[in-house]
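Student: Here you go, entry_10.pdb (PDB, C-alpha atoms):
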MODEL        1
ATOM      1  CA  MET A   2     167.277-101.875 110.187
ATOM      2  CA  ALA A   3     166.116-102.756 106.742
ATOM      3  CA  SER A   4     166.094-106.418 107.587
ATOM      4  CA  GLU A   5     164.009-105.758 110.727
ATOM      5  CA  LYS A   6     161.357-103.970 108.635
ATOM      6  CA  GLU A   7     161.220-106.818 106.146
ATOM      7  CA  THR A   8     160.794-109.424 108.868
ATOM      8  CA  SER A   9     158.082-107.350 110.529
ATOM      9  CA  LYS A  10     156.281-107.087 107.170
ATOM     10  CA  LYS A  11     156.443-110.854 106.732
ATOM     11  CA  ALA A  12     155.127-111.355 110.226
ATOM     12  CA  LYS A  13     152.259-108.988 109.522
ATOM     13  CA  THR A  14     151.256-110.877 106.392
ATOM     14  CA  LYS A  15     151.116-114.099 108.359
ATOM     15  CA  ASP A  16     149.180-112.392 111.147
ATOM     16  CA  GLU A  17     146.865-110.647 108.687
ATOM     17  CA  LYS A  18     145.547-113.955 107.406
ATOM     18  CA  ASP A  19     142.166-114.581 108.926
ATOM     19  CA  VAL A  20     142.157-117.542 111.202
ATOM     20  CA  LYS A  21     138.770-119.109 110.779
ATOM     21  CA  ILE A  22     137.392-121.002 113.696
ATOM     22  CA  ILE A  23     135.209-123.929 112.732
ATOM     23  CA  LYS A  24     132.377-124.353 115.199
ATOM     24  CA  THR A  25     129.798-126.250 113.193
ATOM     25  CA  PRO A  26     129.744-128.596 110.201
ATOM     26  CA  VAL A  27     128.226-125.729 108.211
ATOM     27  CA  ASP A  28     131.356-123.664 108.835
ATOM     28  CA  LEU A  29     133.512-126.562 107.692
ATOM     29  CA  GLN A  30     131.478-126.950 104.506
ATOM     30  CA  ARG A  31     131.630-123.199 103.863
ATOM     31  CA  LEU A  32     135.418-123.219 104.327
ATOM     32  CA  LYS A  33     135.799-126.101 101.875
ATOM     33  CA  LEU A  34     133.605-124.357  99.300
ATOM     34  CA  GLU A  35     135.542-121.118  99.640
ATOM     35  CA  LYS A  36     138.788-123.008  99.114
ATOM     36  CA  LEU A  37     137.379-124.644  95.979
ATOM     37  CA  MET A  38     136.050-121.352  94.626
ATOM     38  CA  LYS A  39     139.412-119.594  95.047
ATOM     39  CA  ASN A  40     140.720-121.537  92.062
ATOM     40  CA  PRO A  41     137.744-122.567  89.876
ATOM     41  CA  THR A  42     139.986-123.836  87.072
ATOM     42  CA  LYS A  43     141.493-126.520  89.282
ATOM     43  CA  GLU A  44     140.009-129.959  88.758
ATOM     44  CA  VAL A  45     138.074-131.479  91.607
ATOM     45  CA  ILE A  46     138.569-135.180  92.149
ATOM     46  CA  ILE A  47     135.441-136.907  93.355
ATOM     47  CA  PRO A  48     136.193-140.365  94.698
ATOM     48  CA  GLU A  49     134.159-143.219  93.280
ATOM     49  CA  LYS A  50     132.040-145.313  95.561
ATOM     50  CA  SER A  51     133.837-148.481  96.487
ATOM     51  CA  LYS A  52     132.209-151.700  95.409
ATOM     52  CA  GLU A  53     130.860-153.968  98.079
ATOM     53  CA  LYS A  54     133.253-156.785  98.639
ATOM     54  CA  SER A  55     131.472-160.092  98.836
ATOM     55  CA  PRO A  56     132.796-162.574 101.359
ATOM     56  CA  ARG A  57     134.705-165.632 100.298
ATOM     57  CA  ALA A  58     132.572-168.630  99.403
ATOM     58  CA  PRO A  59     132.518-171.384 102.004
ATOM     59  CA  LEU A  60     134.825-174.325 101.522
ATOM     60  CA  GLU A  61     133.463-177.358  99.708
ATOM     61  CA  PHE A  62     134.568-179.664 102.486
ATOM     62  CA  ILE A  63     136.193-179.267 105.848
ATOM     63  CA  ARG A  64     139.265-181.391 106.423
ATOM     64  CA  ASN A  65     139.167-181.231 110.196
ATOM     65  CA  ILE A  66     135.820-182.100 111.663
ATOM     66  CA  TRP A  67     135.368-180.858 115.188
ATOM     67  CA  GLY A  68     133.500-183.090 117.502
ATOM     68  CA  SER A  69     133.234-184.025 121.117
ATOM     69  CA  SER A  70     135.872-186.705 120.781
ATOM     70  CA  ALA A  71     139.096-186.385 122.646
ATOM     71  CA  GLY A  72     142.269-185.402 120.898
ATOM     72  CA  ALA A  73     141.345-181.921 119.743
ATOM     73  CA  GLY A  74     144.426-179.750 119.913
ATOM     74  CA  SER A  75     144.688-176.403 121.625
ATOM     75  CA  GLY A  76     144.865-174.558 118.269
ATOM     76  CA  ASP A  77     141.672-176.076 116.895
ATOM     77  CA  PHE A  78     139.465-173.688 118.811
ATOM     78  CA  HIS A  79     141.014-170.681 117.076
ATOM     79  CA  VAL A  80     140.531-172.318 113.681
ATOM     80  CA  TYR A  81     136.920-173.139 114.540
ATOM     81  CA  ARG A  82     136.329-169.598 115.756
ATOM     82  CA  GLY A  83     137.683-168.161 112.469
ATOM     83  CA  VAL A  84     135.527-170.477 110.365
ATOM     84  CA  ARG A  85     132.466-169.606 112.435
ATOM     85  CA  ARG A  86     133.171-165.866 112.180
ATOM     86  CA  ARG A  87     133.548-166.041 108.389
ATOM     87  CA  GLU A  88     130.344-168.049 108.045
ATOM     88  CA  TYR A  89     128.382-165.576 110.172
ATOM     89  CA  ALA A  90     129.802-162.689 108.143
ATOM     90  CA  ARG A  91     128.808-164.446 104.902
ATOM     91  CA  GLN A  92     125.265-165.079 106.152
ATOM     92  CA  LYS A  93     124.962-161.475 107.334
ATOM     93  CA  PHE A  94     126.129-160.239 103.914
ATOM     94  CA  ILE A  95     123.591-162.447 102.118
ATOM     95  CA  LYS A  96     120.808-161.228 104.412
ATOM     96  CA  GLU A  97     121.750-157.554 103.899
ATOM     97  CA  MET A  98     121.911-157.990 100.120
ATOM     98  CA  GLY A  99     118.463-159.618 100.160
ATOM     99  CA  GLU A 100     117.029-156.745 102.199
ATOM    100  CA  LYS A 101     118.686-154.201  99.907
ATOM    101  CA  ASP A 102     117.270-155.892  96.804
ATOM    102  CA  GLU A 103     113.834-156.020  98.420
ATOM    103  CA  LEU A 104     113.987-152.312  99.244
ATOM    104  CA  ASP A 105     115.104-151.512  95.686
ATOM    105  CA  VAL A 106     112.183-153.466  94.217
ATOM    106  CA  GLU A 107     109.763-151.764  96.611
ATOM    107  CA  TYR A 108     111.190-148.343  95.716
ATOM    108  CA  LYS A 109     110.864-149.007  91.986
ATOM    109  CA  LYS A 110     107.251-150.152  92.448
ATOM    110  CA  ARG A 111     106.469-147.025  94.438
ATOM    111  CA  LEU A 112     108.156-144.857  91.796
ATOM    112  CA  GLU A 113     106.144-146.532  89.024
ATOM    113  CA  GLN A 114     102.931-146.132  91.013
ATOM    114  CA  HIS A 115     103.605-142.418  91.562
ATOM    115  CA  LYS A 116     104.347-142.020  87.868
ATOM    116  CA  LEU A 117     101.055-143.692  86.893
ATOM    117  CA  GLU A 118      99.111-141.581  89.388
ATOM    118  CA  ALA A 119     100.718-138.422  88.002
ATOM    119  CA  GLU A 120      99.828-139.453  84.445
ATOM    120  CA  GLU A 121      96.235-140.121  85.494
ATOM    121  CA  ARG A 122      95.986-136.719  87.167
ATOM    122  CA  THR A 123      97.417-134.931  84.137
ATOM    123  CA  ALA A 124      95.100-136.839  81.785
ATOM    124  CA  LYS A 125      92.107-135.912  83.923
ATOM    125  CA  LYS A 126      93.146-132.251  84.026
ATOM    126  CA  ARG A 127      93.850-132.285  80.279
ATOM    127  CA  ALA A 128      90.364-133.648  79.599
ATOM    128  CA  LYS A 129      88.887-130.986  81.852
ATOM    129  CA  ARG A 130      90.803-128.231  80.032
ATOM    130  CA  LEU A 131      89.725-129.521  76.625
ATOM    131  CA  LYS A 132      86.104-129.776  77.748
ATOM    132  CA  LYS A 133      86.216-126.204  79.040
ATOM    133  CA  LYS A 134      87.827-125.040  75.801
ATOM    134  CA  GLN A 135      85.151-126.759  73.713
ATOM    135  CA  LYS A 136      82.396-125.200  75.828
ATOM    136  CA  LEU A 137      83.928-121.772  75.261
ATOM    137  CA  LYS A 138      84.129-122.427  71.510
ATOM    138  CA  ALA A 139      80.528-123.613  71.418
ATOM    139  CA  LYS A 140      79.409-120.589  73.414
ATOM    140  CA  LYS A 141      81.374-118.261  71.140
ATOM    141  CA  PHE A 142      80.025-120.020  68.042
ATOM    142  CA  LYS A 143      76.464-119.789  69.347
ATOM    143  CA  LYS A 144      76.966-116.110  70.144
ATOM    144  CA  ASN A 145      78.349-115.465  66.639
ATOM    145  CA  ASN A 146      75.444-117.327  64.986
ATOM    146  CA  THR A 147      72.776-115.405  66.885
ATOM    147  CA  GLY A 148      74.466-112.090  66.089
ATOM    148  CA  GLU A 149      74.784-112.893  62.373
ATOM    149  CA  HIS A 150      71.159-113.979  61.972
ATOM    150  CA  LYS A 151      70.144-110.467  62.883
ATOM    151  CA  GLY A 152      72.688-108.917  60.472
ATOM    152  CA  GLY A 153      71.850-110.221  56.993
ATOM    153  CA  SER A 154      71.449-113.247  54.726
ATOM    154  CA  ASP A 155      74.842-112.964  52.968
ATOM    155  CA  SER A 156      76.786-113.463  56.183
ATOM    156  CA  ASP A 157      74.786-116.610  57.037
ATOM    157  CA  ASP A 158      76.461-118.553  54.232
ATOM    158  CA  ASP A 159      79.909-117.454  55.394
ATOM    159  CA  SER A 160      79.200-118.345  59.014
ATOM    160  CA  ALA A 161      77.927-121.768  58.001
ATOM    161  CA  ASP A 162      81.183-122.360  56.113
ATOM    162  CA  ASP A 163      83.199-121.177  59.127
ATOM    163  CA  SER A 164      81.239-123.390  61.482
ATOM    164  CA  SER A 165      81.729-126.424  59.268
ATOM    165  CA  GLU A 166      85.474-125.731  59.249
ATOM    166  CA  ASP A 167      85.499-125.344  63.045
ATOM    167  CA  ASN A 168      83.556-128.578  63.440
ATOM    168  CA  SER A 169      85.822-130.449  61.043
ATOM    169  CA  GLN A 170      88.893-129.231  62.943
ATOM    170  CA  GLY A 171      87.357-130.171  66.281
ATOM    171  CA  GLU A 172      86.342-133.576  64.948
ATOM    172  CA  ALA A 173      89.779-134.173  63.458
ATOM    173  CA  ASN A 174      91.272-133.902  66.927
ATOM    174  CA  SER A 175      88.855-136.389  68.465
ATOM    175  CA  PRO A 176      89.451-140.139  68.076
ATOM    176  CA  SER A 177      85.830-140.790  67.086
ATOM    177  CA  ALA A 178      86.240-138.458  64.111
ATOM    178  CA  ALA A 179      88.997-140.640  62.711
ATOM    179  CA  SER A 180      86.737-143.677  62.791
ATOM    180  CA  ASN A 181      83.916-141.663  61.148
ATOM    181  CA  ASP A 182      86.240-140.570  58.339
ATOM    182  CA  GLU A 183      87.317-144.145  57.737
ATOM    183  CA  SER A 184      83.734-145.378  57.610
ATOM    184  CA  THR A 185      82.733-142.706  55.038
ATOM    185  CA  ASP A 186      85.666-143.551  52.751
ATOM    186  CA  LYS A 187      84.774-147.237  52.553
ATOM    187  CA  PRO A 188      82.311-148.253  49.850
ATOM    188  CA  LYS A 189      79.158-149.891  51.149
TER     189      LYS A 189
ENDMDL
END
Could you write out this structure as structure tokens?

Tutor:
Amino acid sequence: MASEKETSKKAKTKDEKDVKIIKTPVDLQRLKLEKLMKNPTKEVIIPEKSKEKSPRAPLEFIRNIWGSSAGAGSGDFHVYRGVRRREYARQKFIKEMGEKDELDVEYKKRLEQHKLEAEERTAKKRAKRLKKKQKLKAKKFKKNNTGEHKGGSDSDDDSADDSSEDNSQGEANSPSAASNDESTDKPK
């Protein structure tokens, strides 16, 4: 009796395993991912892409020249057919490689063009942001100057110093300011 219980337990464990029915490619992918995630420490081997095998170069010369003359053997047709097949395969390979190279060049040009367009857009937006920022600074500076003129004469000197510092910082960031600084340093 004990052995019957053990065998029934073993049968239950086999029956208890969920049999997963694969109906779609999504189910297959999910099953594979679940299997991989059961043991995350196990290494996954990703096969490398095989290199394209180029066809054999054509022969320098052909020993048997086929022509319309009599005397061609019965086996010559099979030889001719093989040579012709290899030549067509070689020409097809060359054509496909040319098309692939052309598509690669076109893709790289398109990528470069998109990159340049993105840089132009960001430069334009950057200029717009800086212009807006400078307008806000000028507006704030103008507001501070009008408010201080009403206050007193001592604060006017301080605000003039602050404004000269703000202007010198703003000019230091602009490229024209660098050329102005260089021209003032040179003796005339």

Student: Take atom CA of A:Pro59 and atom CA of A:Glu88 and report the distance between them in Å, one decimal.

Tutor: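 Computing it gives 7.2 Å between the two atoms.
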
Student: As an exercise, work out the distance from atom CA of A:Ser75 to atom CA of A:Tyr89 in Å and give it to one decimal place.

Tutor: 22.7 Å

Student: To one decimal in Å, tell me the separation between atom CA of A:Arg57 and atom CA of A:Phe94.

Tutor: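 Computing the Euclidean distance for atom CA of A:Arg57 and atom CA of A:Phe94 yields 10.8 Å.
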
Student: Out of A:Lys24, A:Ile95, A:Gly74, A:Arg31, which residue has the shortest atom-to-atom distance to A:Lys54 when counting all atoms listed in the file?

Tutor: A:Ile95

Student: Starting from the incomplete input, reconstruct N, CA and C atoms of stretch 49-63 of chain A and report them as a PDB file, keeping the file's coordinate frame.

Tutor:
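Final output, rebuild39.pdb:
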ATOM      1  N   GLU A  49     135.240-142.317  93.664  1.00  0.00           N
ATOM      2  CA  GLU A  49     134.159-143.219  93.280  1.00  0.00           C
ATOM      3  C   GLU A  49     133.768-144.072  94.468  1.00  0.00           C
ATOM      4  N   LYS A  50     132.529-144.478  94.473  1.00  0.00           N
ATOM      5  CA  LYS A  50     132.040-145.313  95.561  1.00  0.00           C
ATOM      6  C   LYS A  50     132.667-146.691  95.434  1.00  0.00           C
ATOM      7  N   SER A  51     133.194-147.175  96.534  1.00  0.00           N
ATOM      8  CA  SER A  51     133.837-148.481  96.487  1.00  0.00           C
ATOM      9  C   SER A  51     132.784-149.570  96.353  1.00  0.00           C
ATOM     10  N   LYS A  52     133.134-150.591  95.605  1.00  0.00           N
ATOM     11  CA  LYS A  52     132.209-151.700  95.409  1.00  0.00           C
ATOM     12  C   LYS A  52     132.160-152.536  96.681  1.00  0.00           C
ATOM     13  N   GLU A  53     130.993-153.114  96.906  1.00  0.00           N
ATOM     14  CA  GLU A  53     130.860-153.968  98.079  1.00  0.00           C
ATOM     15  C   GLU A  53     131.624-155.258  97.835  1.00  0.00           C
ATOM     16  N   LYS A  54     132.441-155.588  98.773  1.00  0.00           N
ATOM     17  CA  LYS A  54     133.253-156.785  98.639  1.00  0.00           C
ATOM     18  C   LYS A  54     132.475-157.966  99.205  1.00  0.00           C
ATOM     19  N   SER A  55     132.218-158.927  98.362  1.00  0.00           N
ATOM     20  CA  SER A  55     131.472-160.092  98.836  1.00  0.00           C
ATOM     21  C   SER A  55     132.423-161.022  99.577  1.00  0.00           C
ATOM     22  N   PRO A  56     131.926-161.672 100.592  1.00  0.00           N
ATOM     23  CA  PRO A  56     132.796-162.574 101.359  1.00  0.00           C
ATOM     24  C   PRO A  56     133.162-163.813 100.553  1.00  0.00           C
ATOM     25  N   ARG A  57     134.223-164.430 100.968  1.00  0.00           N
ATOM     26  CA  ARG A  57     134.705-165.632 100.298  1.00  0.00           C
ATOM     27  C   ARG A  57     133.661-166.741 100.424  1.00  0.00           C
ATOM     28  N   ALA A  58     133.518-167.517  99.373  1.00  0.00           N
ATOM     29  CA  ALA A  58     132.572-168.630  99.403  1.00  0.00           C
ATOM     30  C   ALA A  58     133.042-169.669 100.410  1.00  0.00           C
ATOM     31  N   PRO A  59     132.102-170.371 101.024  1.00  0.00           N
ATOM     32  CA  PRO A  59     132.518-171.384 102.004  1.00  0.00           C
ATOM     33  C   PRO A  59     133.247-172.529 101.316  1.00  0.00           C
ATOM     34  N   LEU A  60     134.068-173.206 102.069  1.00  0.00           N
ATOM     35  CA  LEU A  60     134.825-174.325 101.522  1.00  0.00           C
ATOM     36  C   LEU A  60     133.886-175.470 101.160  1.00  0.00           C
ATOM     37  N   GLU A  61     134.282-176.222 100.139  1.00  0.00           N
ATOM     38  CA  GLU A  61     133.463-177.358  99.708  1.00  0.00           C
ATOM     39  C   GLU A  61     133.413-178.428 100.795  1.00  0.00           C
ATOM     40  N   PHE A  62     134.530-178.663 101.414  1.00  0.00           N
ATOM     41  CA  PHE A  62     134.568-179.664 102.486  1.00  0.00           C
ATOM     42  C   PHE A  62     135.532-179.180 103.556  1.00  0.00           C
ATOM     43  N   ILE A  63     135.336-179.645 104.734  1.00  0.00           N
ATOM     44  CA  ILE A  63     136.193-179.267 105.848  1.00  0.00           C
ATOM     45  C   ILE A  63     137.058-180.471 106.196  1.00  0.00           C
TER      46      ILE A  63
END
